[in-house]
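Reproduced below: start-v1.txt, with compact mmCIF, C-alpha atoms.
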# COMPACT_ATOMS: atom_id res chain seq x y z
CA MET K 1 -98.47 -6.08 -0.08
CA HIS K 2 -95.71 -5.41 2.46
CA LEU K 3 -92.42 -5.25 0.59
CA GLY K 4 -90.09 -4.28 3.40
CA ARG K 5 -89.62 -2.15 6.44
CA ARG K 6 -89.70 1.53 5.62
CA GLN K 7 -87.42 4.04 7.32
CA ASP K 8 -88.74 7.34 8.52
CA HIS K 9 -88.05 10.67 6.87
CA GLY K 10 -85.03 11.41 9.03
CA GLY K 11 -83.12 8.37 7.78
CA GLU K 12 -83.04 6.76 11.22
CA ASP K 13 -83.64 3.05 11.42
CA PRO K 14 -86.26 1.99 14.01
CA ASP K 15 -83.80 -0.45 15.56
CA GLY K 16 -81.05 2.16 15.74
CA ALA K 17 -78.91 0.29 13.22
CA VAL K 18 -78.31 3.34 11.07
CA GLU K 19 -76.26 6.37 12.02
CA ARG K 20 -75.81 9.67 10.18
CA HIS K 21 -72.41 11.28 9.84
CA ALA K 22 -72.01 15.01 9.47
CA CYS K 23 -69.58 14.68 6.56
CA GLY K 24 -70.88 11.57 4.84
CA PRO K 25 -73.88 9.47 3.85
CA VAL K 26 -75.97 7.34 6.12
CA ARG K 27 -74.35 3.99 6.79
CA PRO K 28 -74.94 1.08 9.16
CA ALA K 29 -73.57 1.68 12.61
CA GLU K 30 -70.57 -0.40 13.55
CA ARG K 31 -71.15 -2.56 16.59
CA GLU K 32 -68.36 -2.26 19.07
CA GLU K 33 -66.82 -5.59 19.95
CA LYS K 34 -65.82 -5.34 23.61
CA GLY K 35 -64.20 -8.79 23.77
CA PRO K 36 -64.57 -11.40 26.49
CA GLY K 37 -65.63 -10.11 29.90
CA ARG K 38 -65.07 -11.38 33.41
CA TYR K 39 -68.01 -13.77 33.32
CA ALA K 40 -66.51 -15.55 30.30
CA PHE K 41 -63.81 -17.01 32.57
CA LEU K 42 -66.11 -18.45 35.22
CA PRO K 43 -67.15 -21.63 33.29
CA TRP K 44 -63.51 -22.74 33.28
CA LEU K 45 -63.87 -23.49 36.97
CA LEU K 46 -65.71 -26.65 35.86
CA MET K 47 -62.23 -28.10 35.30
CA GLY K 48 -62.16 -28.57 39.07
CA LEU K 49 -65.20 -30.87 39.10
CA GLY K 50 -62.93 -33.91 39.45
CA ALA K 51 -61.39 -32.52 42.62
CA PHE K 52 -64.84 -31.49 43.87
CA SER K 53 -66.11 -35.03 43.24
CA ASN K 54 -63.24 -36.44 45.28
CA VAL K 55 -64.12 -34.13 48.15
CA ILE K 56 -67.80 -35.14 48.06
CA GLN K 57 -66.99 -38.83 47.88
CA GLY K 58 -64.36 -38.59 50.59
CA LYS K 59 -61.56 -39.84 48.33
CA SER K 60 -59.26 -36.99 49.34
CA GLY K 61 -56.99 -37.60 52.31
CA ASN K 62 -58.63 -34.87 54.37
CA PRO K 63 -62.04 -33.92 52.90
CA TRP K 64 -62.53 -30.90 55.13
CA LEU K 65 -59.12 -29.45 54.33
CA ALA K 66 -59.60 -30.26 50.65
CA GLY K 67 -62.97 -28.49 50.69
CA VAL K 68 -61.44 -25.41 52.28
CA GLY K 69 -58.65 -25.44 49.69
CA LEU K 70 -61.16 -25.77 46.86
CA LEU K 71 -63.23 -22.90 48.23
CA ALA K 72 -60.13 -20.74 48.68
CA PHE K 73 -58.99 -21.43 45.12
CA ASN K 74 -62.37 -20.61 43.60
CA SER K 75 -62.70 -17.42 45.66
CA LEU K 76 -59.22 -16.20 44.76
CA TYR K 77 -59.70 -17.11 41.10
CA VAL K 78 -62.89 -15.03 40.95
CA THR K 79 -61.12 -12.20 42.79
CA VAL K 80 -58.23 -12.14 40.34
CA VAL K 81 -60.44 -12.22 37.26
CA PHE K 82 -62.97 -9.67 38.50
CA SER K 83 -60.28 -7.24 39.71
CA ALA K 84 -58.44 -7.63 36.39
CA PHE K 85 -61.58 -6.43 34.58
CA ASN K 86 -62.43 -3.71 37.11
CA PRO K 87 -61.53 -0.30 35.58
CA ARG K 88 -60.55 1.08 39.00
CA ARG K 89 -58.40 -1.88 40.08
CA ARG K 90 -56.90 -3.42 36.95
CA SER K 91 -54.15 -0.77 36.78
CA THR K 92 -53.27 -1.20 40.47
CA ARG K 93 -51.23 -3.91 42.15
CA PHE K 94 -54.28 -5.54 43.72
CA PRO K 95 -54.69 -8.15 40.93
CA LEU K 96 -51.01 -9.10 41.38
CA TYR K 97 -51.43 -9.60 45.12
CA ALA K 98 -54.55 -11.69 44.55
CA LEU K 99 -52.67 -13.72 41.91
CA ALA K 100 -49.82 -14.34 44.35
CA ALA K 101 -52.30 -15.68 46.91
CA LEU K 102 -53.93 -17.83 44.23
CA THR K 103 -50.51 -19.21 43.26
CA ALA K 104 -49.78 -20.20 46.86
CA VAL K 105 -53.13 -21.95 47.22
CA THR K 106 -52.67 -23.75 43.88
CA PHE K 107 -49.29 -25.16 44.85
CA ALA K 108 -50.62 -26.15 48.29
CA ILE K 109 -53.63 -28.10 47.04
CA ALA K 110 -51.75 -29.65 44.10
CA LEU K 111 -48.90 -30.90 46.27
CA GLY K 112 -51.23 -31.85 49.10
CA PHE K 113 -53.73 -33.91 47.12
CA GLY K 114 -52.20 -34.60 43.67
CA GLY K 115 -54.16 -36.32 40.89
CA GLU K 116 -56.96 -34.16 39.48
CA TRP K 117 -55.78 -31.25 41.61
CA PHE K 118 -52.96 -30.56 39.14
CA LEU K 119 -55.62 -29.31 36.73
CA PHE K 120 -55.74 -26.15 38.81
CA PHE K 121 -52.40 -25.10 37.31
CA PRO K 122 -53.99 -24.35 33.89
CA LEU K 123 -56.68 -22.38 35.74
CA LEU K 124 -53.97 -20.43 37.57
CA SER K 125 -52.35 -19.70 34.22
CA LEU K 126 -55.70 -18.64 32.79
CA ALA K 127 -56.16 -16.15 35.63
CA SER K 128 -52.59 -14.91 35.07
CA GLY K 129 -53.44 -14.05 31.46
CA THR K 130 -56.18 -11.66 32.58
CA VAL K 131 -53.89 -9.50 34.73
CA ARG K 132 -53.01 -6.38 32.69
CA ALA K 133 -49.97 -5.59 34.83
CA LEU K 134 -48.47 -8.97 33.90
CA ARG K 135 -47.98 -8.58 30.15
CA GLY K 136 -45.16 -8.82 27.68
CA LYS K 137 -41.82 -10.25 28.78
CA ALA K 138 -42.86 -10.61 32.42
CA LEU K 139 -45.85 -12.74 31.46
CA GLY K 140 -43.74 -14.94 29.19
CA ILE K 141 -41.18 -15.63 31.93
CA TRP K 142 -43.94 -16.31 34.44
CA LEU K 143 -45.78 -18.76 32.19
CA ILE K 144 -42.61 -20.62 31.26
CA ALA K 145 -41.64 -20.98 34.91
CA LEU K 146 -45.16 -21.94 35.96
CA SER K 147 -45.72 -24.50 33.19
CA GLY K 148 -42.30 -26.06 33.72
CA THR K 149 -42.85 -26.35 37.46
CA ALA K 150 -46.34 -27.78 36.98
CA GLY K 151 -45.07 -30.37 34.50
CA VAL K 152 -42.22 -31.46 36.80
CA LEU K 153 -44.48 -31.71 39.84
CA ALA K 154 -47.17 -33.60 37.94
CA GLY K 155 -44.62 -36.05 36.54
CA GLY K 156 -43.08 -36.69 39.96
CA TRP K 157 -46.38 -37.21 41.71
CA ASP K 158 -48.04 -39.91 39.62
CA ASP K 159 -46.84 -41.56 36.46
CA ALA K 160 -50.45 -41.87 35.31
CA TRP K 161 -50.61 -38.17 34.80
CA ASN K 162 -49.03 -36.87 31.66
CA ALA K 163 -46.54 -34.28 32.83
CA PHE K 164 -46.19 -32.83 29.35
CA GLY K 165 -49.96 -32.35 29.03
CA ILE K 166 -50.15 -30.46 32.34
CA GLY K 167 -47.19 -28.25 31.47
CA TYR K 168 -48.35 -27.57 27.92
CA GLY K 169 -51.92 -26.86 29.02
CA THR K 170 -50.68 -24.48 31.70
CA PHE K 171 -48.57 -22.48 29.26
CA LEU K 172 -51.15 -22.46 26.46
CA SER K 173 -54.12 -21.36 28.58
CA GLY K 174 -52.34 -18.29 29.95
CA MET K 175 -50.74 -17.31 26.65
CA VAL K 176 -53.96 -17.62 24.63
CA THR K 177 -55.90 -15.64 27.24
CA ALA K 178 -53.35 -12.81 27.30
CA THR K 179 -53.13 -12.74 23.50
CA VAL K 180 -56.88 -12.55 23.00
CA LEU K 181 -57.31 -9.81 25.61
CA SER K 182 -54.38 -7.85 24.18
CA LEU K 183 -55.90 -8.13 20.72
CA PHE K 184 -59.22 -6.70 21.88
CA ASP K 185 -57.42 -3.94 23.80
CA THR K 186 -55.56 -3.04 20.61
CA ILE K 187 -58.80 -3.02 18.63
CA HIS K 188 -60.37 -0.73 21.22
CA GLU K 189 -57.37 1.65 21.05
CA LEU K 190 -57.48 1.67 17.26
CA ARG K 191 -61.20 2.45 17.31
CA ALA K 192 -60.63 5.27 19.79
CA THR K 193 -57.78 6.60 17.65
CA ARG K 194 -59.94 6.49 14.53
CA GLN K 195 -62.70 8.40 16.31
CA GLU K 196 -60.18 10.98 17.51
CA LEU K 197 -58.82 11.36 13.97
CA ALA K 198 -62.36 11.82 12.69
CA ARG K 199 -63.01 14.52 15.29
CA SER K 200 -59.70 16.16 14.42
CA ALA K 201 -60.59 16.14 10.72
CA VAL K 202 -63.94 17.77 11.46
CA GLU K 203 -62.28 20.45 13.61
CA LYS K 204 -59.67 21.04 10.93
CA GLU K 205 -62.36 21.47 8.29
CA ARG K 206 -64.29 23.85 10.53
CA LEU K 207 -61.13 25.89 11.06
CA ARG K 208 -60.47 26.02 7.31
CA PHE K 209 -64.03 27.05 6.62
CA SER K 210 -64.07 29.77 9.29
CA ARG K 211 -60.79 31.22 8.04
CA ASP K 212 -61.95 31.16 4.45
CA LEU K 213 -65.18 32.92 5.38
CA HIS K 214 -63.28 35.51 7.39
CA ASP K 215 -60.92 36.27 4.53
CA LEU K 216 -63.62 36.16 1.87
CA LEU K 217 -66.38 38.11 3.58
CA GLY K 218 -64.09 40.59 5.33
CA HIS K 219 -62.62 41.71 2.02
CA THR K 220 -65.83 41.53 0.01
CA LEU K 221 -67.99 43.40 2.52
CA SER K 222 -65.32 46.06 2.89
CA VAL K 223 -65.30 46.63 -0.88
CA VAL K 224 -69.11 46.69 -0.98
CA VAL K 225 -69.27 49.26 1.83
CA VAL K 226 -66.60 51.45 0.24
CA LYS K 227 -68.26 51.39 -3.15
CA ALA K 228 -71.69 51.98 -1.63
CA GLU K 229 -70.29 55.09 0.04
CA ALA K 230 -68.85 56.13 -3.31
CA VAL K 231 -72.28 55.72 -4.90
CA ARG K 232 -73.80 57.91 -2.19
CA ARG K 233 -71.17 60.61 -2.73
CA LEU K 234 -71.24 60.52 -6.54
CA ALA K 235 -74.99 60.20 -7.13
CA PRO K 236 -75.90 63.89 -6.59
CA ARG K 237 -73.26 65.23 -9.01
CA ASN K 238 -72.18 62.39 -11.36
CA LEU K 239 -74.86 59.78 -12.00
CA ASP K 240 -72.81 57.83 -14.56
CA ALA K 241 -69.92 57.38 -12.16
CA ALA K 242 -72.34 56.35 -9.43
CA LEU K 243 -73.91 53.75 -11.73
CA ALA K 244 -70.45 52.41 -12.56
CA GLN K 245 -69.76 51.96 -8.85
CA ALA K 246 -73.16 50.26 -8.43
CA ALA K 247 -72.27 47.88 -11.27
CA ASP K 248 -69.03 47.12 -9.46
CA ILE K 249 -71.03 46.29 -6.32
CA GLU K 250 -73.16 43.86 -8.32
CA ALA K 251 -70.06 42.22 -9.82
CA VAL K 252 -68.39 41.94 -6.41
CA GLY K 253 -71.55 40.41 -4.93
CA ARG K 254 -71.81 37.81 -7.68
CA GLN K 255 -68.16 36.94 -7.34
CA ALA K 256 -68.58 36.63 -3.56
CA LEU K 257 -71.42 34.14 -4.02
CA THR K 258 -69.22 32.03 -6.27
CA GLU K 259 -66.31 32.15 -3.82
CA ILE K 260 -68.50 31.24 -0.86
CA ARG K 261 -69.85 28.21 -2.74
CA GLU K 262 -66.27 27.18 -3.54
CA ALA K 263 -65.22 27.71 0.08
CA VAL K 264 -68.12 25.57 1.33
CA SER K 265 -67.23 22.76 -1.06
CA GLY K 266 -63.52 23.11 -0.26
CA TYR K 267 -62.39 23.61 -3.82
CA ARG K 268 -61.53 27.29 -3.87
CA GLU K 269 -58.27 28.12 -5.64
CA GLY K 270 -57.00 31.67 -5.60
CA SER K 271 -55.22 33.49 -8.39
CA LEU K 272 -52.63 36.11 -7.52
CA ALA K 273 -53.29 38.08 -10.72
CA THR K 274 -57.03 38.14 -9.98
CA GLU K 275 -56.44 39.31 -6.42
CA LEU K 276 -54.11 42.07 -7.63
CA ASP K 277 -56.77 43.29 -10.05
CA ARG K 278 -59.38 43.27 -7.29
CA ALA K 279 -56.95 45.09 -5.01
CA ARG K 280 -56.56 47.89 -7.59
CA SER K 281 -60.33 48.24 -7.84
CA ALA K 282 -60.89 48.19 -4.08
CA LEU K 283 -58.13 50.70 -3.36
CA ASP K 284 -59.25 53.00 -6.15
CA GLY K 285 -62.85 52.86 -4.92
CA ALA K 286 -61.68 53.78 -1.40
CA GLY K 287 -59.77 56.80 -2.71
CA ILE K 288 -56.38 55.16 -2.16
CA GLU K 289 -53.86 55.35 -4.99
CA PRO K 290 -52.87 51.76 -5.95
CA VAL K 291 -49.32 51.00 -7.13
CA VAL K 292 -48.82 47.38 -8.18
CA ARG K 293 -45.51 45.84 -9.29
CA HIS K 294 -45.15 42.17 -10.25
CA ALA K 295 -41.83 40.74 -11.42
CA GLY K 296 -40.56 37.21 -11.85
CA PRO K 297 -41.63 33.85 -13.29
CA PRO K 298 -45.10 32.35 -12.73
CA LEU K 299 -45.78 30.75 -9.36
CA PRO K 300 -47.23 27.29 -8.62
CA PRO K 301 -51.00 27.32 -7.98
CA GLN K 302 -50.61 26.72 -4.25
CA ALA K 303 -48.13 29.58 -3.86
CA GLU K 304 -50.42 31.89 -5.84
CA ALA K 305 -53.34 30.96 -3.60
CA LEU K 306 -51.41 31.72 -0.42
CA LEU K 307 -50.05 35.04 -1.64
CA GLY K 308 -53.51 35.88 -2.98
CA TRP K 309 -54.87 35.51 0.55
CA VAL K 310 -52.18 37.88 1.81
CA VAL K 311 -53.05 40.48 -0.85
CA ARG K 312 -56.72 40.21 0.02
CA GLU K 313 -56.19 40.58 3.77
CA GLY K 314 -53.60 43.36 3.47
CA VAL K 315 -55.73 45.42 1.12
CA THR K 316 -58.81 44.85 3.27
CA ASN K 317 -57.00 46.24 6.31
CA ALA K 318 -55.70 49.19 4.28
CA VAL K 319 -59.19 50.03 3.00
CA ARG K 320 -60.98 49.59 6.32
CA HIS K 321 -58.57 50.93 8.91
CA SER K 322 -55.46 52.66 7.59
CA GLY K 323 -56.73 56.03 6.38
CA ALA K 324 -53.98 55.85 3.74
CA THR K 325 -53.79 57.81 0.50
CA ARG K 326 -51.34 55.47 -1.25
CA CYS K 327 -50.80 51.71 -1.16
CA GLU K 328 -47.96 49.86 -2.89
CA ILE K 329 -48.10 46.14 -3.63
CA GLU K 330 -44.89 44.53 -4.85
CA VAL K 331 -44.39 40.90 -5.83
CA GLN K 332 -40.87 39.61 -6.48
CA VAL K 333 -40.33 36.00 -7.53
CA ASP K 334 -37.07 34.16 -8.19
CA ASP K 335 -36.28 30.49 -8.64
CA ASP K 336 -36.38 29.66 -4.93
CA ARG K 337 -38.46 32.25 -3.14
CA ALA K 338 -41.40 34.61 -3.55
CA ARG K 339 -41.70 37.88 -1.64
CA LEU K 340 -44.83 40.00 -1.34
CA THR K 341 -44.80 43.45 0.24
CA ILE K 342 -47.85 45.64 0.91
CA THR K 343 -47.02 49.14 2.13
CA ASP K 344 -49.36 52.06 2.79
CA ASP K 345 -48.86 55.56 4.16
CA GLY K 346 -51.66 55.28 6.69
CA ARG K 347 -51.62 54.48 10.37
CA GLY K 348 -52.03 50.70 10.12
CA PRO K 349 -54.56 48.39 11.77
CA VAL K 350 -56.11 49.57 15.00
CA SER K 351 -57.11 47.00 17.57
CA SER K 352 -60.60 47.21 18.94
CA GLY K 353 -60.59 49.52 21.92
CA ALA K 354 -57.09 50.92 21.31
CA SER K 355 -56.39 54.37 22.60
CA ASP K 356 -55.06 57.36 20.76
CA ALA K 357 -51.73 56.94 22.37
CA ASP K 358 -51.51 53.42 21.16
CA THR K 359 -52.29 54.22 17.57
CA GLY K 360 -50.64 57.56 17.21
CA SER K 361 -53.80 59.08 15.82
CA GLY K 362 -57.03 60.47 17.11
CA THR K 363 -60.23 59.62 15.35
CA ALA K 364 -60.72 57.22 12.47
CA PRO K 365 -60.53 58.69 8.97
CA PRO K 366 -63.83 59.47 7.24
CA GLY K 367 -63.41 56.78 4.61
CA ALA K 368 -62.55 54.00 6.99
CA VAL K 369 -65.03 51.27 7.84
CA PRO K 370 -65.39 50.85 11.60
CA GLY K 371 -65.04 47.45 13.19
CA PRO K 372 -62.63 45.18 14.94
CA VAL K 373 -59.36 44.53 13.30
CA GLY K 374 -57.45 42.07 13.44
CA GLY K 375 -55.28 40.03 14.33
CA THR K 376 -57.56 37.21 13.31
CA GLY K 377 -56.85 37.50 9.60
CA LEU K 378 -53.12 38.13 9.90
CA LYS K 379 -52.76 35.42 12.53
CA GLY K 380 -54.51 32.90 10.31
CA LEU K 381 -52.32 33.89 7.37
CA THR K 382 -49.20 33.55 9.50
CA GLU K 383 -50.20 29.98 10.32
CA ARG K 384 -50.96 29.22 6.68
CA LEU K 385 -47.59 30.46 5.49
CA ALA K 386 -45.79 28.74 8.36
CA ALA K 387 -47.33 25.43 7.26
CA ALA K 388 -45.66 26.00 3.86
CA GLY K 389 -42.32 27.00 5.36
CA GLY K 390 -42.93 30.71 4.80
CA THR K 391 -43.15 33.77 7.04
CA LEU K 392 -45.47 36.74 7.47
CA ARG K 393 -44.41 39.95 9.20
CA SER K 394 -46.48 43.06 9.75
CA GLY K 395 -45.89 46.33 11.56
CA PRO K 396 -45.32 50.08 11.27
CA ASP K 397 -43.23 51.29 8.36
CA GLY K 398 -41.22 54.22 9.65
CA ARG K 399 -42.94 57.12 11.41
CA ARG K 400 -46.12 56.78 9.35
CA GLY K 401 -47.41 53.85 7.42
CA PHE K 402 -47.85 50.11 7.71
CA ARG K 403 -46.14 47.20 5.98
CA VAL K 404 -47.05 43.55 5.51
CA THR K 405 -44.29 41.27 4.18
CA ALA K 406 -44.80 37.65 3.17
CA GLU K 407 -42.01 35.33 2.06
CA LEU K 408 -42.61 31.87 0.68
CA PRO K 409 -40.24 29.17 -0.55
CA VAL K 410 -41.68 28.26 -3.92
CA GLY K 411 -40.63 24.61 -3.91
CA ALA K 412 -42.05 23.86 -0.45
CA VAL K 413 -45.59 24.86 -1.32
CA ASP K 414 -46.28 21.61 -3.12
CA LEU K 415 -46.77 19.79 0.18
CA ALA K 416 -50.14 18.11 0.60
CA GLU K 417 -50.85 19.85 3.88
CA THR K 418 -50.27 23.24 2.25
CA GLU K 419 -52.73 22.40 -0.47
CA GLU K 420 -55.34 21.93 2.22
CA TRP K 421 -54.51 25.31 3.77
CA ALA K 422 -54.75 27.01 0.41
CA ARG K 423 -58.09 25.49 -0.51

Write out the structure in this file as structure tokens.
Amino acid sequence: MHLGRRQDHGGEDPDGAVERHACGPVRPAEREEKGPGRYAFLPWLLMGLGAFSNVIQGKSGNPWLAGVGLLAFNSLYVTVVFSAFNPRRRSTRFPLYALAALTAVTFAIALGFGGEWFLFFPLLSLASGTVRALRGKALGIWLIALSGTAGVLAGGWDDAWNAFGIGYGTFLSGMVTATVLSLFDTIHELRATRQELARSAVEKERLRFSRDLHDLLGHTLSVVVVKAEAVRRLAPRNLDAALAQAADIEAVGRQALTEIREAVSGYREGSLATELDRARSALDGAGIEPVVRHAGPPLPPQAEALLGWVVREGVTNAVRHSGATRCEIEVQVDDDRARLTITDDGRGPVSSGASDADTGSGTAPPGAVPGPVGGTGLKGLTERLAAAGGTLRSGPDGRRGFRVTAELPVGAVDLAETEEWAR
């Protein structure tokens, strides 16, 4: 028994009524409402059937002239409406010129033949409402003047015609048309804005993810490489020490898996104390003497996460590129501000392809891990701290050595946008 239409394995509806979003579940696709088009305004020309009937029956004073006027009005009406909906012409002055010609023809045939011909004023107003260049205050003034003039002329021509009805119909037709078209234009702009915001959110999440992976994997892989080298050096003469380093590699790998899962899900929260402990281990494994000082009250979670990133990146650069023998990490916290300083006695980061003259040193030290440095990590951290109202400075420390200094206003880190950076 057929119970219902089955979707295929990919979740795509045969009729295309289902769309898949990269960051969400499958949901029905929203149909875009484009609003009334140019052809929607053509049936209103049937309001001129009374005048057309008079021309056919010869009731107009001059049937040939009336026919020419009717043809001119219909042609100009179609020109105004079609040009108002033409993407290449609606922002130009062409629809206004066509509307001016249509206005002249409308007044000519209404004053020349009267009666049913005054019904062309509401059609003129309808065409006016489609012109994008005639919106807002200008359209209001134009419709008031047009409807008032049409009502006065209709009342003075024939008492049988209700002047108020002509004037009111003229004003209402143009105003309703302009309002409806403006509403659909606004809906289209809102839909485009929502799509742009969605694209921006996706790009922002991709940027967060790439930065998190850079900071996570750069540090973790550096520690793994350093400790693997230590295992290779220690294994021939001290097996127990080599096994201890191997155990550290296993622990670092497991912790990296956990952090990567948290980074993917967007719920990673750093701990400054944890990062300081890892920094001691990484520096010690690389043969760099760690000196860690931490003074002051506890920090908010967001501030700890940001400073933890700085510790991770600074220590990674020291281990991989500095060739230092000593690295000092100092954290000072008061009621308003937190300051983190990482100083080593090495030669600092070396850009990929830098010359000896640029770096002040010849070859890389034996314990350093080759690879591009960066500016990527420090640049990303500078942006993260700037979003929280903080600063990050890095550069040579005297004749030899390198220093990274991060300052962060403690109270400003509670902003929602900073929480997203710190995730």

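Atom pair CA of Leu46 (chain K) / CA of Gly67 (chain K): separated by 15.2 Å.
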
- Query: Counting only C-alpha atoms, what is within 10 Å of Phe82 (chain K), bar same-chain residues fewer than 2 positions away, as a list of chain:residue names?
  - Reply: K:Gly37, K:Arg38, K:Tyr39, K:Phe41, K:Leu42, K:Leu76, K:Tyr77, K:Val78, K:Thr79, K:Val80, K:Ala84, K:Phe85, K:Asn86, K:Pro87, K:Arg89, K:Arg90, K:Pro95, K:Ala127, K:Thr130, K:Val131

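Of the listed residues (K:Ala51, K:Leu181, K:Ala228, K:Ala101), K:Ala51 comes nearest to Phe118 (chain K); the distances count all atoms listed in the file.
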
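One distance worth recording is that between CA of Val252 (chain K) and CA of Glu407 (chain K), which is 28.5 Å.
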
- Item | Interatomic distance (Å, one decimal) between CA of Gln57 (chain K) and CA of Tyr168 (chain K) | 29.5 Å

- Shell of 10 Å around Gly148 (chain K), all atoms listed in the file, local chain residues under 2 positions omitted, as an NGL selection string: :K and (142-146 or 150-154 or 163-164 or 166-168 or 170-171)

Please fill the gaps in region 125-137 of chain K so it has N, CA and C atoms, and write that as a short mmCIF file (atom, residue, chain, number, x, y, z; two decimals), keeping the file's coordinate frame.
data_model
loop_
_atom_site.label_atom_id
_atom_site.label_comp_id
_atom_site.auth_asym_id
_atom_site.auth_seq_id
_atom_site.Cartn_x
_atom_site.Cartn_y
_atom_site.Cartn_z
N SER K 125 -52.91 -20.36 35.40
CA SER K 125 -52.35 -19.70 34.22
C SER K 125 -53.40 -18.86 33.49
N LEU K 126 -54.61 -19.38 33.43
CA LEU K 126 -55.70 -18.64 32.79
C LEU K 126 -55.95 -17.32 33.52
N ALA K 127 -55.97 -17.37 34.85
CA ALA K 127 -56.16 -16.15 35.63
C ALA K 127 -54.98 -15.20 35.44
N SER K 128 -53.77 -15.75 35.29
CA SER K 128 -52.59 -14.91 35.07
C SER K 128 -52.71 -14.11 33.77
N GLY K 129 -53.30 -14.73 32.75
CA GLY K 129 -53.44 -14.05 31.46
C GLY K 129 -54.38 -12.87 31.49
N THR K 130 -55.24 -12.79 32.51
CA THR K 130 -56.18 -11.66 32.58
C THR K 130 -55.59 -10.44 33.26
N VAL K 131 -54.49 -10.61 33.98
CA VAL K 131 -53.89 -9.50 34.73
C VAL K 131 -53.15 -8.58 33.77
N ARG K 132 -53.62 -7.33 33.63
CA ARG K 132 -53.01 -6.38 32.69
C ARG K 132 -51.59 -6.02 33.08
N ALA K 133 -51.31 -5.98 34.39
CA ALA K 133 -49.97 -5.59 34.83
C ALA K 133 -48.93 -6.66 34.52
N LEU K 134 -49.38 -7.87 34.18
CA LEU K 134 -48.47 -8.97 33.90
C LEU K 134 -48.54 -9.28 32.41
N ARG K 135 -47.95 -8.42 31.60
CA ARG K 135 -47.98 -8.58 30.15
C ARG K 135 -46.56 -8.51 29.60
N GLY K 136 -46.44 -8.91 28.34
CA GLY K 136 -45.16 -8.82 27.68
C GLY K 136 -44.15 -9.83 28.18
N LYS K 137 -42.92 -9.37 28.38
CA LYS K 137 -41.82 -10.25 28.78
C LYS K 137 -42.07 -10.87 30.14
#
